[in-house]
file structure35.cif (mmCIF, C-alpha atoms and all ligand atoms)
data_query
#
loop_
_atom_site.label_atom_id
_atom_site.label_comp_id
_atom_site.auth_asym_id
_atom_site.auth_seq_id
_atom_site.Cartn_x
_atom_site.Cartn_y
_atom_site.Cartn_z
CA MET S 1 -3.81 29.67 -4.78
CA LEU S 2 -1.89 28.16 -1.89
CA ASN S 3 1.46 26.66 -2.72
CA LEU S 4 1.24 23.20 -1.15
CA PRO S 5 3.21 19.94 -1.35
CA ASN S 6 1.46 16.55 -1.76
CA LYS S 7 3.41 15.10 1.11
CA VAL S 8 4.96 16.34 4.37
CA THR S 9 7.51 14.63 6.60
CA ILE S 10 6.86 14.75 10.31
CA ILE S 11 9.85 14.45 12.62
CA GLU S 12 8.38 13.36 15.94
CA VAL S 13 10.20 15.03 18.85
CA GLY S 14 7.92 13.96 21.73
CA PRO S 15 10.28 11.38 23.25
CA ARG S 16 13.02 14.04 23.46
CA ASP S 17 11.61 17.60 23.52
CA GLY S 18 8.41 16.32 25.15
CA MET S 19 10.00 14.28 27.90
CA GLN S 20 12.85 16.68 28.76
CA ASN S 21 10.52 19.34 30.08
CA GLU S 22 8.33 17.12 32.24
CA LYS S 23 8.34 17.85 35.95
CA ASN S 24 8.16 14.14 36.75
CA PHE S 25 10.60 11.56 35.50
CA VAL S 26 8.57 9.49 33.05
CA PRO S 27 9.55 5.82 33.61
CA THR S 28 11.92 4.46 30.98
CA GLU S 29 9.59 1.56 30.13
CA ILE S 30 6.79 4.05 29.39
CA LYS S 31 9.09 6.08 27.15
CA LYS S 32 9.98 2.90 25.26
CA ARG S 33 6.31 2.01 24.74
CA PHE S 34 5.62 5.59 23.65
CA ILE S 35 8.37 5.32 21.00
CA THR S 36 7.08 1.93 19.77
CA LYS S 37 3.52 3.22 19.51
CA LEU S 38 4.66 6.32 17.64
CA ARG S 39 6.42 4.07 15.14
CA ASN S 40 3.31 1.91 14.81
CA ALA S 41 1.41 5.10 14.00
CA GLY S 42 3.69 5.63 11.00
CA VAL S 43 6.41 7.95 12.30
CA LYS S 44 9.55 7.47 10.20
CA GLU S 45 11.87 10.08 11.73
CA MET S 46 12.03 10.62 15.46
CA GLU S 47 14.19 12.25 18.13
CA LEU S 48 14.51 9.47 20.70
CA THR S 49 16.51 11.05 23.48
CA SER S 50 19.37 13.35 24.30
CA PHE S 51 22.91 12.73 25.59
CA VAL S 52 23.18 15.66 27.96
CA SER S 53 24.24 16.01 31.57
CA PRO S 54 21.82 14.15 33.88
CA LYS S 55 22.54 16.88 36.44
CA TRP S 56 21.20 19.51 34.08
CA VAL S 57 18.35 17.46 32.61
CA PRO S 58 17.50 14.49 34.87
CA GLN S 59 14.66 13.45 32.55
CA MET S 60 17.24 12.38 29.95
CA ALA S 61 19.32 10.31 32.38
CA ASP S 62 18.14 7.10 30.69
CA ALA S 63 19.46 8.12 27.24
CA ALA S 64 21.80 5.13 26.94
CA GLU S 65 19.03 2.64 27.71
CA ILE S 66 16.59 4.32 25.32
CA ALA S 67 19.21 4.35 22.58
CA ALA S 68 20.09 0.70 23.22
CA ASP S 69 16.50 -0.57 23.11
CA CYS S 70 14.66 1.74 20.75
CA LEU S 71 16.49 1.64 17.45
CA ALA S 72 14.43 0.37 14.55
CA GLU S 73 15.19 -0.31 10.92
CA HIS S 74 13.73 1.82 8.13
CA THR S 75 13.30 4.78 10.46
CA ARG S 76 15.64 7.65 11.26
CA ASN S 77 16.39 7.32 14.97
CA ILE S 78 17.89 10.63 16.03
CA VAL S 79 19.68 11.28 19.31
CA LEU S 80 20.82 14.72 20.46
CA ALA S 81 24.25 15.68 21.76
CA PRO S 82 25.52 19.20 22.49
CA ASN S 83 29.25 18.57 22.90
CA ARG S 84 32.18 16.19 22.49
CA LYS S 85 31.30 14.27 25.65
CA GLY S 86 27.77 13.69 24.30
CA ILE S 87 29.11 12.50 20.94
CA ASP S 88 31.46 10.05 22.66
CA ARG S 89 28.42 8.65 24.47
CA VAL S 90 26.64 8.33 21.10
CA TYR S 91 29.62 6.36 19.75
CA SER S 92 28.99 3.70 22.37
CA THR S 93 25.49 3.08 20.89
CA HIS S 94 24.33 1.84 17.48
CA CYS S 95 22.60 5.13 16.62
CA ASN S 96 23.52 6.50 13.22
CA ALA S 97 21.72 9.85 13.26
CA VAL S 98 22.77 12.68 15.55
CA ALA S 99 21.43 16.15 16.21
CA VAL S 100 23.76 18.78 17.60
CA PHE S 101 22.15 21.90 19.00
CA VAL S 102 23.12 25.51 19.41
CA GLY S 103 21.41 28.84 19.97
CA VAL S 104 21.73 31.89 17.71
CA SER S 105 21.43 33.91 20.88
CA ASN S 106 24.60 33.86 22.91
CA SER S 107 22.74 34.47 26.19
CA PHE S 108 20.51 31.47 25.52
CA ASN S 109 23.44 29.25 24.52
CA LEU S 110 25.21 30.13 27.77
CA LYS S 111 22.14 29.17 29.80
CA ASN S 112 21.49 26.00 27.78
CA ILE S 113 24.98 24.63 27.12
CA ASN S 114 27.19 26.76 29.36
CA LYS S 115 29.21 27.99 26.38
CA THR S 116 29.08 30.92 24.01
CA THR S 117 27.57 30.27 20.58
CA ARG S 118 31.03 30.77 19.05
CA ASP S 119 32.62 28.23 21.43
CA SER S 120 29.88 25.70 20.67
CA LEU S 121 30.48 26.13 16.95
CA LYS S 122 34.23 25.79 17.47
CA GLU S 123 33.73 22.54 19.39
CA LEU S 124 31.12 21.14 16.99
CA ARG S 125 32.83 21.84 13.62
CA PRO S 126 35.42 19.04 13.92
CA VAL S 127 32.82 16.80 15.57
CA ILE S 128 30.48 17.19 12.56
CA HIS S 129 33.37 16.48 10.19
CA GLU S 130 34.20 13.33 12.15
CA LEU S 131 30.55 12.20 12.22
CA LYS S 132 30.29 12.62 8.45
CA GLU S 133 33.52 10.64 7.94
CA LYS S 134 31.88 7.87 9.96
CA ASN S 135 28.74 8.07 7.80
CA TYR S 136 26.37 9.47 10.41
CA PHE S 137 23.33 11.50 9.44
CA VAL S 138 23.84 14.89 11.09
CA ARG S 139 21.21 17.43 11.90
CA ALA S 140 21.78 20.81 13.52
CA CYS S 141 19.02 22.24 15.70
CA ILE S 142 19.24 26.01 15.56
CA SER S 143 17.52 27.46 18.65
CA THR S 144 16.26 31.01 19.21
CA ALA S 145 16.17 31.53 15.44
CA PHE S 146 13.47 34.23 15.83
CA TYR S 147 13.32 35.36 19.47
CA CYS S 148 15.32 34.74 22.63
CA PRO S 149 13.89 34.78 26.15
CA TYR S 150 16.91 36.85 27.28
CA GLU S 151 17.80 38.99 24.24
CA GLY S 152 14.42 39.51 22.53
CA LYS S 153 14.22 39.72 18.73
CA ILE S 154 17.00 37.94 16.84
CA SER S 155 17.92 39.34 13.45
CA GLU S 156 17.35 37.20 10.38
CA ALA S 157 20.87 37.97 9.24
CA GLU S 158 22.35 36.47 12.41
CA THR S 159 20.24 33.33 12.11
CA LEU S 160 21.10 32.91 8.43
CA LYS S 161 24.80 33.37 9.21
CA LEU S 162 24.80 30.63 11.85
CA CYS S 163 22.80 28.33 9.55
CA ARG S 164 25.38 28.89 6.82
CA GLU S 165 28.20 28.03 9.23
CA PHE S 166 26.54 24.70 10.05
CA VAL S 167 25.84 23.96 6.38
CA GLU S 168 29.50 24.66 5.62
CA ALA S 169 30.49 22.40 8.50
CA GLY S 170 28.70 19.61 6.60
CA VAL S 171 25.35 18.95 8.28
CA ASP S 172 22.65 17.11 6.32
CA GLU S 173 19.75 18.96 7.92
CA LEU S 174 18.94 22.22 9.65
CA SER S 175 16.06 22.21 12.10
CA VAL S 176 15.33 25.86 12.66
CA ALA S 177 13.48 26.58 15.88
CA ASP S 178 11.13 29.14 17.33
CA THR S 179 12.18 28.12 20.83
CA ILE S 180 9.73 30.26 22.80
CA GLY S 181 6.87 30.22 20.29
CA MET S 182 6.98 33.91 19.53
CA ALA S 183 7.38 34.07 15.75
CA ALA S 184 4.48 35.35 13.69
CA PRO S 185 3.60 33.80 10.31
CA ASN S 186 5.15 36.66 8.30
CA GLU S 187 8.43 36.13 10.17
CA ALA S 188 8.27 32.36 9.63
CA TYR S 189 7.63 32.88 5.90
CA SER S 190 10.41 35.39 5.53
CA LEU S 191 13.12 33.32 7.25
CA PHE S 192 12.17 30.00 5.67
CA ALA S 193 11.88 31.53 2.18
CA LYS S 194 15.45 32.84 2.57
CA LEU S 195 16.71 29.50 3.90
CA LYS S 196 15.09 27.74 0.92
CA GLU S 197 16.68 30.22 -1.46
CA GLN S 198 20.15 29.90 0.08
CA PHE S 199 20.49 26.19 0.88
CA HIS S 200 19.58 23.80 -1.92
CA HIS S 201 21.39 20.70 -0.71
CA THR S 202 20.40 20.71 2.96
CA LEU S 203 17.18 19.31 4.37
CA LEU S 204 15.26 22.20 5.92
CA THR S 205 12.91 21.60 8.82
CA ALA S 206 10.81 23.96 10.89
CA HIS S 207 10.46 23.47 14.67
CA PHE S 208 7.69 25.53 16.23
CA HIS S 209 6.73 25.76 19.88
CA ASP S 210 3.06 26.59 20.32
CA THR S 211 3.28 28.99 23.27
CA ARG S 212 1.05 31.61 21.64
CA ARG S 213 -0.96 29.10 19.60
CA LEU S 214 0.65 30.29 16.39
CA GLY S 215 2.20 26.94 15.52
CA LEU S 216 -0.30 25.90 12.85
CA ALA S 217 -0.33 29.36 11.29
CA ASN S 218 3.47 29.29 11.21
CA ILE S 219 3.42 25.85 9.61
CA LEU S 220 1.03 27.10 6.91
CA ALA S 221 3.31 30.08 6.30
CA SER S 222 6.36 27.79 6.11
CA LEU S 223 4.58 25.50 3.64
CA GLN S 224 4.12 28.58 1.48
CA ALA S 225 7.86 29.15 1.66
CA GLY S 226 8.43 25.61 0.35
CA ILE S 227 9.15 23.81 3.64
CA ASP S 228 7.81 20.26 3.81
CA ARG S 229 9.48 18.95 6.99
CA PHE S 230 8.20 19.77 10.47
CA ASP S 231 9.28 18.80 13.98
CA THR S 232 6.17 18.17 16.05
CA SER S 233 5.41 16.51 19.35
CA ALA S 234 2.63 14.01 20.09
CA GLY S 235 0.29 15.53 22.66
CA GLY S 236 1.91 18.94 22.18
CA LEU S 237 4.46 18.15 24.88
CA GLY S 238 7.82 19.83 25.10
CA GLY S 239 9.76 22.94 25.91
CA CYS S 240 13.32 23.72 26.81
CA PRO S 241 14.05 23.85 30.56
CA PHE S 242 16.49 26.73 29.93
CA ALA S 243 14.09 28.86 27.90
CA PRO S 244 11.63 30.41 30.33
CA GLY S 245 8.17 30.75 28.82
CA ALA S 246 8.66 27.98 26.27
CA SER S 247 5.71 25.62 26.13
CA GLY S 248 5.20 22.46 24.06
CA ASN S 249 5.84 21.94 20.40
CA THR S 250 2.97 22.13 17.93
CA ALA S 251 1.06 18.92 18.56
CA THR S 252 1.65 16.19 15.97
CA GLU S 253 -2.06 15.32 15.97
CA ASP S 254 -3.07 18.92 15.19
CA VAL S 255 -0.58 19.13 12.34
CA VAL S 256 -1.51 15.73 10.90
CA TYR S 257 -5.22 16.60 11.18
CA MET S 258 -4.78 19.98 9.47
CA LEU S 259 -2.65 18.51 6.68
CA ARG S 260 -5.06 15.61 6.15
CA ARG S 261 -7.95 18.07 5.79
CA MET S 262 -5.84 19.88 3.18
CA GLY S 263 -5.20 16.65 1.24
CA ILE S 264 -1.53 16.46 2.26
CA GLU S 265 -0.17 13.01 3.14
CA THR S 266 1.98 12.45 6.25
CA GLY S 267 1.75 8.66 6.52
CA ILE S 268 0.62 8.99 10.15
CA ASP S 269 -2.50 7.29 11.47
CA LEU S 270 -4.32 9.58 13.89
CA ASP S 271 -5.99 6.81 15.93
CA GLN S 272 -2.70 5.07 16.55
CA LEU S 273 -1.01 8.37 17.29
CA MET S 274 -3.56 9.04 20.02
CA GLU S 275 -2.88 5.55 21.41
CA ALA S 276 0.76 6.63 21.78
CA VAL S 277 -0.33 9.79 23.63
CA GLU S 278 -2.48 7.65 25.92
CA VAL S 279 0.62 5.65 26.96
CA VAL S 280 2.37 8.69 28.44
CA ARG S 281 -0.64 10.77 29.50
CA PRO S 282 -1.08 9.23 32.99
CA HIS S 283 2.58 9.91 33.77
CA LEU S 284 2.59 13.59 32.88
CA SER S 285 2.49 16.60 35.14
CA ARG S 286 0.45 18.54 32.58
CA GLN S 287 -2.86 18.14 30.77
CA ILE S 288 -2.90 17.29 27.09
CA ASP S 289 -4.30 20.39 25.46
CA SER S 290 -4.07 19.90 21.70
CA GLY S 291 -7.09 20.83 19.60
CA TYR S 292 -7.46 17.28 18.31
CA TYR S 293 -7.29 15.80 21.83
CA ARG S 294 -9.93 18.25 23.03
CA LEU S 295 -12.13 17.29 20.10
CA LEU S 296 -11.87 13.58 20.98
CA ALA S 297 -12.26 14.11 24.72
CA HIS S 298 -15.24 16.49 24.20
CA VAL S 299 -13.50 19.00 26.48
P1 LIG S 301 28.89 21.85 32.02
O1 LIG S 301 28.60 21.76 33.46
O2 LIG S 301 29.41 23.13 31.48
O3 LIG S 301 29.82 20.69 31.50
O4 LIG S 301 27.54 21.48 31.22
P2 LIG S 301 31.28 20.33 31.81
O5 LIG S 301 31.92 20.01 30.49
O6 LIG S 301 31.93 21.35 32.71
O7 LIG S 301 31.05 18.99 32.64
C1 LIG S 301 30.37 18.98 33.87
C2 LIG S 301 29.84 17.60 34.13
O8 LIG S 301 28.90 17.23 33.13
C3 LIG S 301 30.90 16.54 34.10
O9 LIG S 301 30.47 15.51 34.99
C4 LIG S 301 30.81 16.05 32.69
O10 LIG S 301 31.30 14.74 32.55
C5 LIG S 301 29.35 16.08 32.44
P3 LIG S 301 30.98 15.44 36.50
O11 LIG S 301 32.46 15.30 36.37
O12 LIG S 301 30.58 16.73 37.17
O13 LIG S 301 30.27 14.25 37.04
N1 LIG S 301 28.98 16.19 31.03
C6 LIG S 301 28.12 15.36 30.43
N2 LIG S 301 27.44 14.30 30.92
C7 LIG S 301 26.64 13.68 30.04
N3 LIG S 301 26.48 14.05 28.75
C8 LIG S 301 27.15 15.10 28.25
C9 LIG S 301 28.02 15.79 29.12
N4 LIG S 301 28.82 16.87 28.96
C10 LIG S 301 29.41 17.10 30.15
N5 LIG S 301 26.98 15.46 26.98
C11 LIG S 301 26.38 20.58 29.32
C12 LIG S 301 27.52 21.44 29.81
C13 LIG S 301 26.27 20.79 27.83
C14 LIG S 301 26.66 19.13 29.63
C15 LIG S 301 25.09 21.01 30.05
O14 LIG S 301 24.95 22.37 29.90
C16 LIG S 301 23.87 20.32 29.53
O15 LIG S 301 23.69 19.11 29.72
N6 LIG S 301 23.00 21.04 28.84
C17 LIG S 301 21.84 20.40 28.21
C18 LIG S 301 20.81 21.38 27.93
C19 LIG S 301 19.64 20.71 27.27
O16 LIG S 301 19.50 19.49 27.23
N7 LIG S 301 18.72 21.54 26.77
C20 LIG S 301 17.54 21.05 26.10
C21 LIG S 301 17.82 20.56 24.73
S1 LIG S 301 17.96 21.87 23.54
C22 LIG S 301 16.33 22.24 23.13
O17 LIG S 301 15.41 21.76 23.75
C23 LIG S 301 16.08 23.15 21.98
C24 LIG S 301 15.54 22.41 20.74
O18 LIG S 301 14.34 21.72 21.04
C25 LIG S 301 15.24 23.45 19.64
C26 LIG S 301 14.40 24.62 20.17
O19 LIG S 301 13.21 24.41 20.49
O20 LIG S 301 14.99 25.69 20.30
C27 LIG S 301 16.56 21.40 20.18
MG MG S 302 12.35 22.53 21.06
#
call {"tool": "encode", "arguments": {"input": "structure35.cif", "output": "structure tokens"}}
result
Amino acid sequence: MLNLPNKVTIIEVGPRDGMQNEKNFVPTEIKKRFITKLRNAGVKEMELTSFVSPKWVPQMADAAEIAADCLAEHTRNIVLAPNRKGIDRVYSTHCNAVAVFVGVSNSFNLKNINKTTRDSLKELRPVIHELKEKNYFVRACISTAFYCPYEGKISEAETLKLCREFVEAGVDELSVADTIGMAAPNEAYSLFAKLKEQFHHTLLTAHFHDTRRLGLANILASLQAGIDRFDTSAGGLGGCPFAPGASGNTATEDVVYMLRRMGIETGIDLDQLMEAVEVVRPHLSRQIDSGYYRLLAHV
């Protein structure tokens, strides 16, 4: 018998992970409509944007405007920030949920944030403490938790150690990521089962990129390990510009469809979700390639 929850929480990352890796700058007004439509579809937790350097990631240059116009009540509106400067920018908004991000792999962290993993942790520890004092919800996105595009296989022990350091720093949630979509279901099960065993008071979320089309299999394996929170991206958009070979996240519509067929509630309406995808689709440099989209489009 499969071990399955009745309900799964989807954390929609399309407006952030999806938009950051687009070749074209998607107009800010389109991003705002995308976010509104995603909410109308039933999304309750969402990464809206990211306070990073516009020189490094020009697609996120409108973060302040998105954060100013896209907050909504009764939903968790998450913005990303990798460093003190990013957090100070968050303080000038009304956002109350922040995601910091760091790579287990030092080589990746250097490429992504221009700092060693240790230096990122050193900078972020007091920042997390301060955010918690100010009553922010804090999530830590742990990149290259399985494989790194520069270092190859990452050991479970190293990933678990970094996760523990963030839990001890006081985060509310760990989002543990297969950045380049290379984990296999047995690896996903093994890591998430250990995370579940070790961290009882921290929300645990899995973030799969679907590079090798193993996202759904990895989600099923993670469900077996007791995980019931998944980062997914409408249209399967996404990828980190500093992780060569990373493609989009597992598509929200594919995950919602699979879970619905399994009798698991997500609260997301598939028709309205596809309306959200339709808002951004004409502005993208890539084709939408999710299974559910192909089914609808008779591709
Ligand atoms: P740096 O060049 O080392 O930064 O970049 P610096 O501190 O030397 O500052 C250089 C300039 O950047 C200065 O401006 C700073 O003010 C500015 P200048 O004086 O030259 O005009 N700066 C900033 N501006 C805006 N926001 C900031 C900020 N910090 C400094 N927060 C930095 C360091 C972290 C900024 C850079 O490396 C960067 O922006 N990296 C972002 C990388 C990124 O966005 N990656 C994608 C998100 S992570 C991801 O996708 C993975 C995830 O999905 C999970 C998974 O799948 O693995 C979460
Ligand atoms: Mg990602």
call {"tool": "residues_near_ligand", "arguments": {"input": "structure35.cif", "ligand": "ligand MG 302 (chain S)", "cutoff": "8 Å", "atoms": "all atoms listed in the file", "output": "VMD selection string"}}
result
chain S and resid 17 143 177 to 179 207 to 209 238 to 240 248 to 249
call {"tool": "write_last_selection", "arguments": {"input": "structure35.cif", "atoms": "C-alpha atoms", "output": "short mmCIF file (atom, residue, chain, number, x, y, z; two decimals), keeping the file's coordinate frame"}}
result
data_model
loop_
_atom_site.label_atom_id
_atom_site.label_comp_id
_atom_site.auth_asym_id
_atom_site.auth_seq_id
_atom_site.Cartn_x
_atom_site.Cartn_y
_atom_site.Cartn_z
CA ASP S 17 11.61 17.60 23.52
CA SER S 143 17.52 27.46 18.65
CA ALA S 177 13.48 26.58 15.88
CA ASP S 178 11.13 29.14 17.33
CA THR S 179 12.18 28.12 20.83
CA HIS S 207 10.46 23.47 14.67
CA PHE S 208 7.69 25.53 16.23
CA HIS S 209 6.73 25.76 19.88
CA GLY S 238 7.82 19.83 25.10
CA GLY S 239 9.76 22.94 25.91
CA CYS S 240 13.32 23.72 26.81
CA GLY S 248 5.20 22.46 24.06
CA ASN S 249 5.84 21.94 20.40
#
call {"tool": "closest_residue", "arguments": {"input": "structure35.cif", "among": "S:Glu168, S:Glu151, S:Asp69, S:Glu173", "to": "S:Val98", "atoms": "all atoms listed in the file"}}
result
S:Glu173
call {"tool": "residues_near_point", "arguments": {"input": "structure35.cif", "point": "(32.6, 28.0, 10.8)", "cutoff": "12 Å", "atoms": "all atoms listed in the file", "output": "list in words"}}
result
Thr117, Arg118, Asp119, Ser120, Leu121, Lys122, Glu123, Leu124, Arg125, Pro126, Ile128, His129, Lys161, Leu162, Cys163, Arg164, Glu165, Phe166, Val167, Glu168, Ala169, Gly170 and Val171 of chain S
call {"tool": "write_last_selection", "arguments": {"input": "structure35.cif", "atoms": "C-alpha atoms", "output": "PDB file, keeping the file's coordinate frame"}}
result
ATOM      1  CA  THR S 117      27.570  30.270  20.580  1.00  0.00           C
ATOM      2  CA  ARG S 118      31.030  30.770  19.050  1.00  0.00           C
ATOM      3  CA  ASP S 119      32.620  28.230  21.430  1.00  0.00           C
ATOM      4  CA  SER S 120      29.880  25.700  20.670  1.00  0.00           C
ATOM      5  CA  LEU S 121      30.480  26.130  16.950  1.00  0.00           C
ATOM      6  CA  LYS S 122      34.230  25.790  17.470  1.00  0.00           C
ATOM      7  CA  GLU S 123      33.730  22.540  19.390  1.00  0.00           C
ATOM      8  CA  LEU S 124      31.120  21.140  16.990  1.00  0.00           C
ATOM      9  CA  ARG S 125      32.830  21.840  13.620  1.00  0.00           C
ATOM     10  CA  PRO S 126      35.420  19.040  13.920  1.00  0.00           C
ATOM     11  CA  ILE S 128      30.480  17.190  12.560  1.00  0.00           C
ATOM     12  CA  HIS S 129      33.370  16.480  10.190  1.00  0.00           C
ATOM     13  CA  LYS S 161      24.800  33.370   9.210  1.00  0.00           C
ATOM     14  CA  LEU S 162      24.800  30.630  11.850  1.00  0.00           C
ATOM     15  CA  CYS S 163      22.800  28.330   9.550  1.00  0.00           C
ATOM     16  CA  ARG S 164      25.380  28.890   6.820  1.00  0.00           C
ATOM     17  CA  GLU S 165      28.200  28.030   9.230  1.00  0.00           C
ATOM     18  CA  PHE S 166      26.540  24.700  10.050  1.00  0.00           C
ATOM     19  CA  VAL S 167      25.840  23.960   6.380  1.00  0.00           C
ATOM     20  CA  GLU S 168      29.500  24.660   5.620  1.00  0.00           C
ATOM     21  CA  ALA S 169      30.490  22.400   8.500  1.00  0.00           C
ATOM     22  CA  GLY S 170      28.700  19.610   6.600  1.00  0.00           C
ATOM     23  CA  VAL S 171      25.350  18.950   8.280  1.00  0.00           C
TER      24      VAL S 171
END
call {"tool": "atom_distance", "arguments": {"input": "structure35.cif", "atom1": "atom CA of S:Asp269", "atom2": "atom CA of S:Ala234"}}
result
12.1 Å
call {"tool": "residues_around", "arguments": {"input": "structure35.cif", "residues": "S:Ser155", "least_positions_apart": "4", "cutoff": "10 Å", "atoms": "all atoms listed in the file", "output": "list in words"}}
result
Val104, Ser105, Ala145, Phe146, Tyr147, Thr159, Leu160 and Leu191 of chain S
call {"tool": "residues_near_ligand", "arguments": {"input": "structure35.cif", "ligand": "ligand LIG 301 (chain S)", "cutoff": "8 Å", "atoms": "all atoms listed in the file", "output": "ChimeraX atom specification"}}
result
/S:17,20,50-57,60,80-87,89,101-103,111-115,141-145,175-180,207-209,238-242,249
call {"tool": "closest_residue", "arguments": {"input": "structure35.cif", "among": "S:Arg294, S:Arg286, S:Arg281, S:Arg213", "to": "S:Thr250", "atoms": "all atoms listed in the file"}}
result
S:Arg213
call {"tool": "closest_residue", "arguments": {"input": "structure35.cif", "among": "S:Val256, S:Ala63, S:Cys148, S:Ile154", "to": "S:Leu48", "atoms": "all atoms listed in the file"}}
result
S:Ala63
call {"tool": "atom_distance", "arguments": {"input": "structure35.cif", "atom1": "atom CA of S:Met46", "atom2": "atom CA of S:Ala243"}}
result
22.2 Å
call {"tool": "closest_residue", "arguments": {"input": "structure35.cif", "among": "S:Glu29, S:Glu187, S:Glu22, S:Asp231", "to": "S:Val279", "atoms": "only C-alpha atoms"}}
result
S:Glu29
call {"tool": "axis_aligned_box", "arguments": {"input": "structure35.cif", "around": "stretch 227-242 of chain S", "padding_each_side": "8 Å", "output": "AutoDock Vina command-line options"}}
result
--center_x 8.4 --center_y 20.4 --center_z 17.1 --size_x 32.2 --size_y 28.7 --size_z 42.9
call {"tool": "closest_residue", "arguments": {"input": "structure35.cif", "among": "S:Val138, S:Ala184, S:Leu237, S:Gln287", "to": "S:Pro15", "atoms": "all atoms listed in the file"}}
result
S:Leu237
call {"tool": "closest_residue", "arguments": {"input": "structure35.cif", "among": "S:Glu12, S:Glu130, S:Asp172, S:Asp62", "to": "S:Ala41", "atoms": "only C-alpha atoms"}}
result
S:Glu12
call {"tool": "residues_around", "arguments": {"input": "structure35.cif", "residues": "S:Arg212", "least_positions_apart": "4", "cutoff": "10 Å", "atoms": "all atoms listed in the file", "output": "count of residues only"}}
result
7
call {"tool": "atom_distance", "arguments": {"input": "structure35.cif", "atom1": "atom CA of S:Asp228", "atom2": "atom CA of S:Val13"}}
result
16.1 Å
call {"tool": "build_atoms", "arguments": {"input": "structure35.cif", "residues": "stretch 29-34 of chain S", "atoms": "all heavy atoms", "output": "short mmCIF file (atom, residue, chain, number, x, y, z; two decimals), in the frame of the given file"}}
result
data_model
loop_
_atom_site.label_atom_id
_atom_site.label_comp_id
_atom_site.auth_asym_id
_atom_site.auth_seq_id
_atom_site.Cartn_x
_atom_site.Cartn_y
_atom_site.Cartn_z
N GLU S 29 10.42 2.53 30.85
CA GLU S 29 9.59 1.56 30.13
C GLU S 29 8.43 2.25 29.41
O GLU S 29 8.03 1.82 28.33
CB GLU S 29 9.03 0.49 31.09
CG GLU S 29 10.08 -0.52 31.56
CD GLU S 29 10.87 -1.15 30.40
OE1 GLU S 29 10.24 -1.55 29.41
OE2 GLU S 29 12.12 -1.20 30.49
N ILE S 30 7.89 3.29 30.02
CA ILE S 30 6.79 4.05 29.39
C ILE S 30 7.32 4.78 28.16
O ILE S 30 6.68 4.81 27.10
CB ILE S 30 6.17 5.03 30.41
CG1 ILE S 30 5.57 4.28 31.60
CG2 ILE S 30 5.13 5.96 29.76
CD1 ILE S 30 4.40 3.37 31.24
N LYS S 31 8.50 5.39 28.31
CA LYS S 31 9.09 6.08 27.15
C LYS S 31 9.29 5.09 25.99
O LYS S 31 9.03 5.43 24.83
CB LYS S 31 10.45 6.68 27.52
CG LYS S 31 10.36 7.90 28.44
CD LYS S 31 11.78 8.37 28.75
CE LYS S 31 11.82 9.47 29.78
NZ LYS S 31 13.14 9.63 30.39
N LYS S 32 9.74 3.89 26.32
CA LYS S 32 9.98 2.90 25.26
C LYS S 32 8.67 2.53 24.56
O LYS S 32 8.61 2.43 23.33
CB LYS S 32 10.61 1.64 25.85
CG LYS S 32 12.05 1.82 26.30
CD LYS S 32 12.59 0.47 26.75
CE LYS S 32 13.80 0.61 27.61
NZ LYS S 32 14.22 -0.66 28.22
N ARG S 33 7.61 2.35 25.35
CA ARG S 33 6.31 2.01 24.74
C ARG S 33 5.79 3.17 23.90
O ARG S 33 5.18 2.96 22.84
CB ARG S 33 5.29 1.65 25.84
CG ARG S 33 5.49 0.22 26.33
CD ARG S 33 4.45 -0.19 27.37
NE ARG S 33 3.08 0.05 26.98
CZ ARG S 33 2.09 0.28 27.83
NH1 ARG S 33 2.33 0.32 29.14
NH2 ARG S 33 0.86 0.48 27.40
N PHE S 34 6.01 4.38 24.39
CA PHE S 34 5.62 5.59 23.65
C PHE S 34 6.29 5.58 22.26
O PHE S 34 5.63 5.75 21.23
CB PHE S 34 6.07 6.80 24.48
CG PHE S 34 5.70 8.17 23.96
CD1 PHE S 34 4.46 8.42 23.39
CD2 PHE S 34 6.60 9.24 24.10
CE1 PHE S 34 4.12 9.71 22.95
CE2 PHE S 34 6.27 10.51 23.67
CZ PHE S 34 5.04 10.74 23.09
#
